[in-house]
Structures are given as structure tokens and as C-alpha cells.
file work_30.txt (compact mmCIF, C-alpha atoms)
# COMPACT_ATOMS: atom_id res chain seq x y z
CA MET H 145 -47.47 77.89 68.91
CA ALA H 146 -43.92 76.75 68.58
CA PHE H 147 -43.18 74.06 66.02
CA ILE H 148 -40.23 71.83 66.40
CA ARG H 149 -38.61 71.02 63.11
CA GLU H 150 -37.22 67.55 63.10
CA ASN H 151 -34.20 67.11 60.86
CA ILE H 152 -34.11 63.62 59.52
CA LYS H 153 -30.78 62.75 57.98
CA ARG H 154 -31.32 60.89 54.74
CA GLY H 155 -28.22 58.82 54.11
CA LEU H 156 -27.56 55.92 51.85
CA SER H 157 -27.98 52.58 53.49
CA LEU H 158 -24.70 50.66 53.10
CA PRO H 159 -26.13 47.17 52.47
CA SER H 160 -28.43 48.56 49.76
CA LEU H 161 -25.50 50.32 48.12
CA ILE H 162 -23.45 47.12 48.06
CA ASP H 163 -26.53 45.33 46.79
CA ILE H 164 -26.83 47.70 43.83
CA ILE H 165 -23.10 47.54 43.04
CA PHE H 166 -23.16 43.75 42.95
CA LEU H 167 -26.28 43.74 40.82
CA LEU H 168 -24.62 46.06 38.33
CA LEU H 169 -21.48 43.91 38.35
CA ILE H 170 -23.42 40.71 37.69
CA PHE H 171 -25.48 42.42 35.02
CA SER H 172 -22.35 43.60 33.17
CA LEU H 173 -20.71 40.17 33.49
CA VAL H 174 -23.73 38.35 32.11
CA THR H 175 -24.37 40.79 29.27
CA LEU H 176 -20.68 40.68 28.30
CA ASN H 177 -20.96 36.93 27.73
CA VAL H 178 -24.19 37.28 25.77
CA SER H 179 -22.71 39.89 23.43
CA ASP H 180 -19.81 37.51 22.60
CA VAL H 181 -22.26 34.85 21.52
CA SER H 182 -24.22 37.21 19.28
CA ASP H 183 -20.97 38.34 17.61
CA ALA H 184 -20.24 34.74 16.69
CA VAL H 185 -23.69 34.37 15.18
CA VAL H 186 -23.24 37.52 13.11
CA GLN H 187 -19.86 36.34 11.87
CA SER H 188 -21.19 33.02 10.69
CA ASN H 189 -23.56 34.91 8.38
CA PRO H 190 -21.50 37.87 7.16
CA GLU H 191 -24.00 38.85 4.47
CA GLY H 192 -26.54 39.78 7.11
CA SER H 193 -30.10 38.63 7.61
CA SER H 194 -31.15 39.38 4.01
CA ALA H 195 -28.89 36.61 2.68
CA PRO H 196 -30.72 33.33 2.10
CA ASP H 197 -29.89 30.66 4.62
CA LEU H 198 -28.59 28.02 2.20
CA LYS H 199 -26.51 26.09 4.76
CA LEU H 200 -23.62 25.73 2.34
CA PRO H 201 -20.67 23.63 3.44
CA THR H 202 -17.77 25.71 4.64
CA ILE H 203 -14.32 24.77 5.69
CA ARG H 204 -14.07 25.83 9.26
CA GLY H 205 -11.38 28.23 10.22
CA ALA H 206 -9.78 28.46 13.60
CA GLU H 207 -12.92 27.87 15.61
CA THR H 208 -13.26 26.14 18.90
CA GLU H 209 -15.88 23.94 20.43
CA LYS H 210 -16.02 21.72 23.46
CA PHE H 211 -14.38 18.33 22.96
CA ASP H 212 -16.79 15.52 23.76
CA GLN H 213 -14.19 12.77 24.37
CA ARG H 214 -15.25 10.83 21.27
CA VAL H 215 -12.96 9.69 18.48
CA ARG H 216 -14.53 10.32 15.07
CA THR H 217 -11.52 10.25 12.81
CA LEU H 218 -7.86 9.34 13.00
CA LEU H 219 -6.52 10.90 16.19
CA PHE H 220 -2.90 11.22 17.30
CA GLN H 221 -2.64 11.51 21.04
CA ILE H 222 0.68 12.71 22.42
CA GLU H 223 1.20 12.58 26.15
CA HIS H 224 3.88 11.96 28.74
CA ARG H 225 4.70 8.35 29.52
CA ASN H 226 4.10 9.20 33.15
CA PRO H 227 1.26 11.76 33.10
CA ARG H 228 2.34 13.10 36.49
CA ASP H 229 5.93 13.66 35.40
CA PRO H 230 6.31 16.35 32.70
CA ALA H 231 9.97 15.38 32.29
CA SER H 232 9.13 11.84 31.21
CA ALA H 233 9.36 10.80 27.56
CA LYS H 234 6.48 11.52 25.20
CA VAL H 235 4.36 8.71 23.82
CA LEU H 236 2.30 8.78 20.66
CA TYR H 237 -0.95 6.76 20.51
CA VAL H 238 -2.75 6.29 17.21
CA LEU H 239 -6.47 6.21 17.93
CA ASP H 240 -8.45 4.86 15.02
CA PRO H 241 -12.24 4.60 15.34
CA GLY H 242 -12.20 1.85 12.72
CA ASP H 243 -15.54 1.38 11.04
CA LEU H 244 -17.42 2.89 13.97
CA GLU H 245 -18.75 6.42 13.49
CA ASN H 246 -17.42 7.41 16.85
CA MET H 247 -15.72 5.73 19.73
CA ASP H 248 -15.10 6.59 23.35
CA ILE H 249 -11.58 7.91 23.76
CA ARG H 250 -10.75 5.48 26.57
CA GLN H 251 -11.81 2.50 24.44
CA ALA H 252 -9.83 3.84 21.50
CA LYS H 253 -6.71 4.23 23.64
CA GLN H 254 -7.17 0.74 25.06
CA ALA H 255 -7.46 -0.61 21.50
CA ALA H 256 -4.28 1.29 20.52
CA VAL H 257 -2.38 -0.31 23.41
CA GLU H 258 -3.68 -3.77 22.49
CA ASP H 259 -2.79 -3.29 18.80
CA SER H 260 0.65 -1.82 19.66
CA ALA H 261 -0.35 1.35 17.85
CA PHE H 262 1.84 3.47 20.07
CA ALA H 263 5.48 4.54 20.14
CA VAL H 264 7.79 6.43 22.45
CA PHE H 265 9.80 9.40 21.18
CA PRO H 266 13.44 8.50 21.87
CA PRO H 267 15.82 10.83 23.74
CA GLY H 268 17.49 13.39 21.49
CA TYR H 269 14.76 13.36 18.83
CA LEU H 270 14.79 17.16 18.74
CA THR H 271 18.37 17.34 17.58
CA MET H 272 18.19 14.51 15.04
CA PRO H 273 18.58 15.39 11.35
CA GLU H 274 15.25 15.37 9.52
CA SER H 275 16.01 12.12 7.69
CA ASP H 276 16.79 10.27 10.94
CA PHE H 277 13.81 11.80 12.70
CA SER H 278 11.40 10.66 10.01
CA ARG H 279 12.66 7.08 10.47
CA ILE H 280 11.99 6.78 14.22
CA PRO H 281 9.13 4.38 15.08
CA ALA H 282 6.76 7.18 16.13
CA CYS H 283 7.15 9.00 12.82
CA ARG H 284 6.82 5.77 10.87
CA LEU H 285 3.61 5.08 12.77
CA ILE H 286 2.29 8.57 11.92
CA ARG H 287 3.16 8.22 8.25
CA GLU H 288 1.73 4.72 7.85
CA SER H 289 -1.45 5.39 9.79
CA ILE H 290 -2.28 8.56 7.81
CA GLN H 291 -1.65 6.68 4.56
CA ALA H 292 -3.79 3.70 5.63
CA TYR H 293 -6.61 5.85 7.00
CA LYS H 294 -6.63 8.05 3.91
CA ASP H 295 -6.79 5.01 1.60
CA ARG H 296 -9.63 3.53 3.64
CA MET H 297 -11.72 6.57 4.57
CA PHE H 298 -10.80 9.54 2.35
CA PRO H 299 -11.10 8.41 -1.27
CA GLY H 300 -11.11 12.00 -2.55
CA PRO H 301 -11.05 15.64 -1.47
CA ARG H 302 -13.91 16.50 0.88
CA HIS H 303 -14.27 19.43 3.22
CA SER H 304 -15.17 17.18 6.14
CA ASN H 305 -12.02 15.05 5.92
CA SER H 306 -9.86 15.77 8.92
CA VAL H 307 -7.21 14.35 11.18
CA GLU H 308 -7.08 15.17 14.88
CA ILE H 309 -4.17 15.87 17.18
CA ARG H 310 -4.55 15.73 20.94
CA ALA H 311 -1.32 16.75 22.60
CA VAL H 312 -0.05 17.88 25.96
CA GLU H 313 0.71 21.59 26.11
CA ASP H 314 4.50 21.25 26.10
CA THR H 315 4.62 19.06 22.99
CA GLU H 316 7.41 20.34 20.79
CA PHE H 317 6.61 21.90 17.43
CA ARG H 318 8.66 19.27 15.60
CA ILE H 319 6.15 16.52 16.34
CA ILE H 320 3.11 18.59 15.37
CA ARG H 321 4.87 19.87 12.24
CA PHE H 322 5.62 16.32 11.14
CA ILE H 323 1.92 15.40 11.40
CA MET H 324 0.90 18.63 9.61
CA ASP H 325 3.45 17.97 6.84
CA ARG H 326 2.16 14.45 6.32
CA CYS H 327 -1.46 15.70 6.11
CA SER H 328 -0.43 18.59 3.89
CA ALA H 329 1.21 16.14 1.48
CA TYR H 330 -2.29 14.92 0.56
CA GLY H 331 -3.42 18.45 -0.34
CA ASP H 332 -7.17 18.96 -0.37
CA THR H 333 -7.82 15.34 0.57
CA ILE H 334 -7.10 16.33 4.18
CA PRO H 335 -8.07 20.02 4.22
CA ARG H 336 -8.15 20.51 7.97
CA ILE H 337 -6.64 19.42 11.22
CA ILE H 338 -8.38 19.52 14.56
CA VAL H 339 -6.16 20.19 17.54
CA HIS H 340 -7.00 19.60 21.18
CA THR H 341 -4.66 20.71 23.87
CA LEU H 342 -4.61 17.98 26.45
CA THR H 343 -4.84 19.76 29.77
CA GLY H 344 -3.00 18.59 32.89
CA ARG H 345 -6.31 17.50 34.40
CA GLU H 346 -7.21 15.11 31.57
CA ALA H 347 -3.64 13.85 31.29
CA ALA H 348 -3.54 13.04 35.01
CA ARG H 349 -6.83 11.17 34.66
CA GLY H 350 -5.19 9.12 31.92
CA ILE H 351 -7.85 9.84 29.28
CA MET C 151 -25.83 68.98 88.02
CA ALA C 152 -27.42 65.98 86.51
CA PHE C 153 -26.10 64.79 83.17
CA ARG C 154 -28.36 63.09 80.81
CA LYS C 155 -26.99 59.90 79.50
CA LEU C 156 -26.54 60.15 75.76
CA LYS C 157 -28.68 57.72 73.95
CA ARG C 158 -26.64 55.41 71.85
CA HIS C 159 -28.24 54.30 68.67
CA LYS C 160 -27.44 50.75 67.94
CA GLU C 161 -26.62 50.39 64.24
CA ASN C 162 -28.26 47.19 63.19
CA VAL C 163 -27.68 45.55 59.85
CA GLU C 164 -31.03 44.78 58.40
CA LEU C 165 -31.63 41.08 58.17
CA VAL C 166 -33.43 41.24 54.82
CA SER C 167 -30.61 43.19 53.16
CA LEU C 168 -28.04 40.84 54.64
CA ILE C 169 -29.77 37.78 53.19
CA ASP C 170 -30.11 39.62 49.90
CA MET C 171 -26.39 40.37 49.82
CA ILE C 172 -25.46 36.81 50.72
CA PHE C 173 -27.54 35.49 47.84
CA ILE C 174 -26.05 38.00 45.46
CA LEU C 175 -22.55 36.98 46.54
CA LEU C 176 -23.48 33.35 46.04
CA VAL C 177 -24.78 34.01 42.53
CA PHE C 178 -21.68 36.12 41.77
CA PHE C 179 -19.28 33.34 42.79
CA LEU C 180 -21.30 30.76 40.89
CA VAL C 181 -21.18 32.86 37.72
CA THR C 182 -17.51 33.78 38.00
CA SER C 183 -16.42 30.23 38.85
CA TYR C 184 -18.23 29.08 35.70
CA VAL C 185 -16.54 31.79 33.64
CA ILE C 186 -13.15 30.79 35.03
CA ARG C 187 -13.73 27.09 34.51
CA THR C 188 -14.80 27.29 30.86
CA PRO C 189 -11.37 27.95 29.28
CA LEU C 190 -9.86 25.02 31.19
CA GLU C 191 -12.16 22.57 29.46
CA GLU C 192 -10.64 20.71 26.56
CA ARG C 193 -11.69 22.42 23.33
CA SER C 194 -11.43 21.38 19.69
CA LEU C 195 -9.60 23.87 17.53
CA TYR C 196 -10.21 23.60 13.79
CA ILE C 197 -7.32 24.79 11.66
CA PRO C 198 -6.83 24.45 7.92
CA THR C 199 -4.01 22.16 6.82
CA PRO C 200 -1.01 24.41 6.12
CA GLU C 201 0.26 24.96 2.60
CA ASN C 202 3.23 22.73 1.97
CA THR C 203 4.94 24.90 -0.61
CA LEU C 204 8.40 26.28 -0.37
CA GLY C 205 9.41 29.53 -1.88
CA ARG C 206 7.38 32.69 -1.78
CA THR C 207 5.63 34.37 1.09
CA GLN C 208 4.22 37.82 1.72
CA ILE C 209 4.84 37.81 5.43
CA LEU C 210 7.41 35.82 7.30
CA ILE C 211 7.05 35.24 11.02
CA GLN C 212 10.04 33.61 12.62
CA ILE C 213 9.31 32.57 16.18
CA ILE C 214 12.43 33.06 18.28
CA ASP C 215 11.12 31.77 21.60
CA GLY C 216 7.92 32.00 23.61
CA GLU C 217 8.30 35.78 23.91
CA LYS C 218 9.83 37.15 20.72
CA ALA C 219 9.39 36.83 16.98
CA PHE C 220 11.05 38.19 13.86
CA TRP C 221 8.70 39.78 11.30
CA LEU C 222 9.36 40.48 7.61
CA ASP C 223 6.86 42.07 5.26
CA GLU C 224 6.81 44.44 2.28
CA THR C 225 7.98 47.38 4.41
CA SER C 226 11.16 45.39 5.09
CA SER C 227 11.81 45.27 1.32
CA ALA C 228 11.88 49.07 1.29
CA VAL C 229 14.36 49.07 4.19
CA VAL C 230 16.63 46.55 2.46
CA SER C 231 16.40 48.45 -0.80
CA ALA C 232 17.34 51.73 0.93
CA ILE C 233 20.41 50.07 2.52
CA GLU C 234 21.45 48.67 -0.87
CA GLU C 235 21.26 52.14 -2.38
CA GLU C 236 23.03 53.88 0.49
CA PHE C 237 25.74 51.32 1.12
CA GLY C 238 26.18 49.93 -2.39
CA PHE C 239 29.90 50.68 -2.13
CA LEU C 240 30.38 48.00 0.55
CA SER C 241 31.64 44.52 -0.26
CA PRO C 242 28.85 41.90 -0.73
CA GLU C 243 29.71 40.48 2.70
CA GLY C 244 29.66 43.94 4.31
CA LEU C 245 26.32 44.77 2.69
CA ARG C 246 24.81 41.44 3.81
CA THR C 247 25.96 42.05 7.38
CA ARG C 248 24.57 45.59 7.38
CA ILE C 249 21.17 44.46 6.05
CA LEU C 250 20.91 41.61 8.54
CA ASN C 251 22.00 43.77 11.47
CA THR C 252 19.41 46.41 10.59
CA LEU C 253 16.64 43.84 10.24
CA ALA C 254 17.65 42.10 13.46
CA GLN C 255 17.58 45.46 15.21
CA ASN C 256 14.24 46.72 13.86
CA ASN C 257 12.19 43.61 13.13
CA VAL C 258 12.41 41.60 16.33
CA TYR C 259 9.01 42.06 17.95
CA SER C 260 7.72 41.28 21.38
CA PHE C 261 4.54 39.21 21.29
CA GLU C 262 2.50 42.36 21.94
CA GLN C 263 4.07 44.08 18.92
CA LEU C 264 3.54 40.92 16.90
CA GLN C 265 -0.11 40.91 17.88
CA GLN C 266 -0.42 44.51 16.68
CA ALA C 267 1.27 43.69 13.37
CA MET C 268 -1.02 40.70 12.87
CA GLN C 269 -4.04 42.80 13.77
CA SER C 270 -3.16 45.32 11.08
CA LEU C 271 -2.71 42.44 8.59
CA LYS C 272 -6.14 41.13 9.55
CA SER C 273 -7.65 44.59 9.07
CA ARG C 274 -6.15 44.70 5.57
CA ALA C 275 -7.55 41.26 4.81
CA GLU C 276 -10.98 42.35 6.03
CA ARG C 277 -10.93 45.53 3.95
CA ASN C 278 -9.89 43.65 0.78
CA PRO C 279 -11.96 40.46 0.53
CA ALA C 280 -10.57 39.71 -2.94
CA ALA C 281 -6.95 39.92 -1.80
CA ARG C 282 -5.09 36.80 -0.74
CA PHE C 283 -2.41 36.84 1.91
CA PHE C 284 0.12 34.15 2.63
CA VAL C 285 1.98 34.02 5.92
CA LEU C 286 4.88 31.68 6.50
CA ILE C 287 5.42 30.73 10.13
CA ARG C 288 8.86 29.39 10.97
CA CYS C 289 9.33 27.87 14.38
CA PRO C 290 12.27 26.15 16.08
CA ASP C 291 11.60 22.45 16.64
CA GLU C 292 11.92 22.57 20.43
CA VAL C 293 9.42 25.41 21.02
CA PRO C 294 6.01 24.18 22.28
CA TYR C 295 3.44 24.00 19.50
CA SER C 296 1.07 26.27 21.42
CA SER C 297 3.13 29.31 20.28
CA VAL C 298 2.36 28.45 16.66
CA LEU C 299 -1.26 27.57 17.35
CA HIS C 300 -1.74 30.94 18.98
CA LEU C 301 -0.60 32.67 15.78
CA ILE C 302 -2.63 30.43 13.49
CA THR C 303 -5.79 30.88 15.56
CA PHE C 304 -5.37 34.63 15.50
CA LEU C 305 -4.65 34.85 11.78
CA MET C 306 -7.35 32.47 10.63
CA ASP C 307 -10.09 34.29 12.49
CA THR C 308 -11.02 36.53 9.57
CA PRO C 309 -14.49 36.82 7.99
CA HIS C 310 -13.31 36.27 4.39
CA ARG C 311 -10.83 33.52 5.20
CA ASN C 312 -8.33 35.13 2.84
CA ILE C 313 -5.23 34.63 4.95
CA ARG C 314 -3.49 31.32 4.33
CA TYR C 315 -0.45 30.02 6.08
CA GLY C 316 2.48 27.68 5.83
CA CYS C 317 4.35 26.11 8.72
CA VAL C 318 8.00 25.14 8.56
CA ALA C 319 10.77 24.48 11.03
CA GLY C 320 13.56 26.99 11.30
CA ARG C 321 15.55 29.30 13.52
CA LEU C 322 16.38 32.96 13.38
CA ASN C 323 20.03 31.99 12.94
CA ASP C 324 19.17 30.38 9.58
CA ILE C 325 18.18 33.85 8.39
CA LEU C 326 20.98 35.73 10.14
CA GLU C 327 23.56 33.29 8.75
CA CYS C 328 22.06 33.15 5.26
CA ARG C 329 24.33 33.12 2.21
CA ASN C 330 22.83 36.28 0.80
CA ILE C 331 19.94 38.67 1.29
CA TYR C 332 19.01 41.22 -1.34
CA THR C 333 16.08 42.74 -3.20
CA VAL C 334 14.86 41.66 -6.61
CA THR C 335 12.51 43.66 -8.82
CA GLU C 336 9.56 41.59 -9.98
CA ASP C 337 6.38 42.24 -11.95
CA ILE C 338 3.47 40.96 -9.94
CA GLY C 339 0.21 41.48 -11.77
CA SER C 340 0.29 45.05 -13.01
CA ARG C 341 2.66 46.17 -10.27
CA ARG C 342 6.43 46.32 -10.31
CA MET C 343 7.71 45.49 -6.83
CA LYS C 344 10.96 45.07 -5.00
CA ASN C 345 10.97 41.88 -2.96
CA ILE C 346 13.45 40.48 -0.50
CA ARG C 347 15.19 37.32 -1.54
CA ILE C 348 17.00 35.17 1.01
CA ASP C 349 19.45 32.50 -0.14
CA PHE C 350 19.79 30.06 2.72
CA GLN C 351 23.01 28.16 3.32
call {"tool": "encode", "arguments": {"input": "work_30.txt", "output": "C-alpha cells"}}
result
Amino acid sequence: MAFIRENIKRGLSLPSLIDIIFLLLIFSLVTLNVSDVSDAVVQSNPEGSSAPDLKLPTIRGAETEKFDQRVRTLLFQIEHRNPRDPASAKVLYVLDPGDLENMDIRQAKQAAVEDSAFAVFPPGYLTMPESDFSRIPACRLIRESIQAYKDRMFPGPRHSNSVEIRAVEDTEFRIIRFIMDRCSAYGDTIPRIIVHTLTGREAARGI
Amino acid sequence: MAFRKLKRHKENVELVSLIDMIFILLVFFLVTSYVIRTPLEERSLYIPTPENTLGRTQILIQIIDGEKAFWLDETSSAVVSAIEEEFGFLSPEGLRTRILNTLAQNNVYSFEQLQQAMQSLKSRAERNPAARFFVLIRCPDEVPYSSVLHLITFLMDTPHRNIRYGCVAGRLNDILECRNIYTVTEDIGSRRMKNIRIDFQ
């Protein structure tokens, strides 16, 4: 009796192959993110798991976390006068939460406008000598508000004392340096500065 | 002669696999769009207040523009010292020019090179928890602050927090047009070291 051998070609099915590739891709993407998070956890406890979890206060280094649009301490907001025009002059707003523990950033900015706690950086401020620059209204506002806030809220050195800066990306170093210098003049009384880079999206929304 | 019509197999895409793929693509775009969106959200960056002391530094980073920076560290002291020994016969002005030209030629780094130099500094700081490092960042006033923040963020991200920094305004020309640049021998702890001294105008 003659048998007929049937040759069945066993090939890879294309959709299944793509399916597997995408699954692998998603798996690697997701696990990559997870491993970043666990690194951060390990770093926050460098002694390892055997070290007692004492929750000691630490001065935070250059760490980032999502900004929740609340003002908790003295905040200097630097933005363009016309948020849609990057060539327009820069304006400084001094946002002070007052006695409140935190304040919505829109309310704080509204209060700054009402209290005239804002100033425009004049043309040519980058080329001014240091002594002239420190006398412009914006710098005077920075100096006086740090002094007043420090007298009111920071009676002594404390690791949690901080001043915040929220500035558009193209803010020149001179402005930020002036704020840093003024904070640095108080030594450990203001041990850290929190910086937020105001993105184009937030600036355009006028927050 | 009768020819048999060849049977054509219609290649059908299986419906189940197709739906499967569509869902996977959907999940993929959802995940990647989330990953892409995250860095655009406004973040709070905590940085220590810089040291407001003038004078000494172990490492000097002079930002030139958004793409280049000038770097001085202890290896530069050895270079300056070697020039002083080799060209000691030159006039003070000639020696100053030679030192500055050599440094300007060898120590201007691209941001990638700068990143490598900072990485090796961070590795040293990690290996020696007891050691303290001080980096002075000089930046021209008109350069966006993000260039400086980038450096600070990178340098401060060390487990022992033993790198401190200072921030001052300044240009490369202040260094290149300095009154004098030379090495001085100093006793630091138990070590005798040659350090660069720059007398600004």
C-alpha cells in the first residue's frame, strides 16, 4: 500500500511574531522604569536594610519631585511680561504665602499684583555694573522680601527653611545668582533653595 | 490538454491576532506617551544654598556658553608647574601668556567631556566618603541659569553629599586676562602641594 507523505510547512505566523516583539518591548520599557524607582529607594538608605530606620532629618540634595502648584514658602516667580513673547521683558513676582501654610499659586500671584509685589527688569540690566544692578527695583524687592520673610519665619537655622525660585527657562544666570547670593548671605538659616523651571505650557496658561 | 487551475491560497490575517496586536499597540502608545509626558511636568528641584566664600576652590568650572566650559583641577597645577620649570627664562608676561595659552588649549571641554570629568569627580567622592570637595562654578551673567542647574544637579547627586559648590558670575576672559597666574607651594594637612593661584585684574 502506497502512503502519501504530506509535507506541512511549519512557518512562523507574522502577527504572532509581531505580538511577541511588542510584548517584549513593553516588558523592557516597564521594567526599566521600575528599576529606576528601586535605585532611588536604595540610595535613600545607603546603609542597607540592616540600618535602623530612624527617619533622621536630612538636607535634601538635588532631588526632584512633582510641583503641586502650591506656595509654601517665599517664592520668586520670574516670567516674561507677555508669556507668549519670549522677547518681552522679564517680570519678578514675590509670592508670599503669609501666615497660611500653603496657598494656591494663582491666588498668591493675584495677591502679589494687588500688593505691588512685582517689578520689571529694565532693559540693559545684564550689562549694568553690580552696584547699579543691585539697586534696580526688582533686586531691591528680592533683598527686602528675603530679609522680611527671614525675620518673620526663619528665626534660626533649620534644615527645612527654604526659598523657592520659579523661573522661565531662558532666565539669565544673573537674576538667579542674585537670589542665591542673598540667601547664601544668611548661611545656614536658609540652607536650601528649591528651583522650578517654568515650562512654556504653564507660562502660557499664566500660572 | 487540460490544465488544472492552480489553487490560490488566500492568506488571511487572523482576526484574533489582529485584535491582539491592536490592543498591544494601544497599550504601547499609552505607556510611551506617559513616559514622554512626565519630564515636561513642572518639577521641584532641591539644591543646597551655594557657599558664598571667595578664595579657594579645588575645582573651577567656568561656563563659556551653552556648549563649552573651562575646567581647572589639581592636574592643571602640575601642567602650570611644568611650564614654569621649562620656560622659567621667559619674562613674567611671556610666562603668563604661555601658561594661559596652554590652559586655554587643553582645558576647554565640550559638555560631554565636562560630564566625564564630573563623573570621575563623583566617583572619587563616592570612594572617599570622608573627603570634602569644593567646586566653584563661574557663569557669565547672560547665560540661561539652566546650564548652571544642570551642573549642580549632576554634582549634588552623590550618596555621601560630600561635594559642595559655590556659584559666582564671571567670564573666561577674566581668567585669560588675569594679572598673573602661577603656582604656590602650600602645606595642606600632611601634604605639600603645588596649587594654582590666579590674581584677577
call {"tool": "residues_around", "arguments": {"input": "work_30.txt", "residues": "Ser160 of chain H", "least_positions_apart": "6", "cutoff": "12 Å", "atoms": "only C-alpha atoms", "output": "list in words"}}
result
Phe166 and Leu167 of chain H; Val163, Glu164, Leu165, Val166, Ser167, Leu168, Ile169, Asp170, Met171 and Ile174 of chain C
call {"tool": "interface_residues", "arguments": {"input": "work_30.txt", "of": "chain C", "to": "chain H", "cutoff": "6 Å", "atoms": "only C-alpha atoms", "output": "list in words"}}
result
Met171, Glu192, Arg193, Ser194, Leu195, Tyr196, Ile197, Pro198, Thr199, Asn202, Asp291, Glu292, Val293, Pro294, Tyr295, Thr303, Met306 and Asp307 of chain C
call {"tool": "write_last_selection", "arguments": {"input": "work_30.txt", "atoms": "C-alpha atoms", "output": "tab-separated table (two decimals), in the coordinates of the input"}}
result
chain	number	residue	atom	x	y	z
C	171	MET	CA	-26.39	40.37	49.82
C	192	GLU	CA	-10.64	20.71	26.56
C	193	ARG	CA	-11.69	22.42	23.33
C	194	SER	CA	-11.43	21.38	19.69
C	195	LEU	CA	-9.60	23.87	17.53
C	196	TYR	CA	-10.21	23.60	13.79
C	197	ILE	CA	-7.32	24.79	11.66
C	198	PRO	CA	-6.83	24.45	7.92
C	199	THR	CA	-4.01	22.16	6.82
C	202	ASN	CA	3.23	22.73	1.97
C	291	ASP	CA	11.60	22.45	16.64
C	292	GLU	CA	11.92	22.57	20.43
C	293	VAL	CA	9.42	25.41	21.02
C	294	PRO	CA	6.01	24.18	22.28
C	295	TYR	CA	3.44	24.00	19.50
C	303	THR	CA	-5.79	30.88	15.56
C	306	MET	CA	-7.35	32.47	10.63
C	307	ASP	CA	-10.09	34.29	12.49
call {"tool": "atom_distance", "arguments": {"input": "work_30.txt", "atom1": "atom CA of Pro266 of chain H", "atom2": "atom CA of Gln212 of chain C"}}
result
27.0 Å
call {"tool": "closest_residue", "arguments": {"input": "work_30.txt", "among": "C:Glu235, C:Glu243, C:Glu327, C:Asp223", "to": "Asn257 of chain C", "atoms": "only C-alpha atoms"}}
result
C:Asp223
call {"tool": "atom_distance", "arguments": {"input": "work_30.txt", "atom1": "atom CA of Asn305 of chain H", "atom2": "atom CA of Ala252 of chain H"}}
result
19.3 Å
call {"tool": "atom_distance", "arguments": {"input": "work_30.txt", "atom1": "atom CA of Arg311 of chain C", "atom2": "atom CA of Phe220 of chain C"}}
result
24.0 Å
call {"tool": "closest_residue", "arguments": {"input": "work_30.txt", "among": "C:Leu176, C:Val285, C:Leu245, C:Ile233", "to": "Ile209 of chain C", "atoms": "all atoms listed in the file"}}
result
C:Val285
call {"tool": "residues_around", "arguments": {"input": "work_30.txt", "residues": "segment 231-246 of chain H", "least_positions_apart": "5", "cutoff": "7 Å", "atoms": "only C-alpha atoms", "output": "ChimeraX atom specification"}}
result
/H:214-226,252-253,256,261-265,282
call {"tool": "axis_aligned_box", "arguments": {"input": "work_30.txt", "around": "segment 169-179 of chain C", "padding_each_side": "5 Å", "output": "JSON"}}
result
{"center_x": -24.7, "center_y": 36.9, "center_z": 47.5, "size_x": 20.8, "size_y": 17.0, "size_z": 21.4}
call {"tool": "closest_residue", "arguments": {"input": "work_30.txt", "among": "C:Arg206, C:Ile346, C:Phe173, C:Gln265", "to": "Ala232 of chain C", "atoms": "all atoms listed in the file"}}
result
C:Ile346
call {"tool": "residues_around", "arguments": {"input": "work_30.txt", "residues": "segment 247-254 of chain C", "least_positions_apart": "3", "cutoff": "10 Å", "atoms": "only C-alpha atoms", "output": "ChimeraX atom specification"}}
result
/C:220-222,226,229-234,237,240-244,257-259,322,325-328,330-332
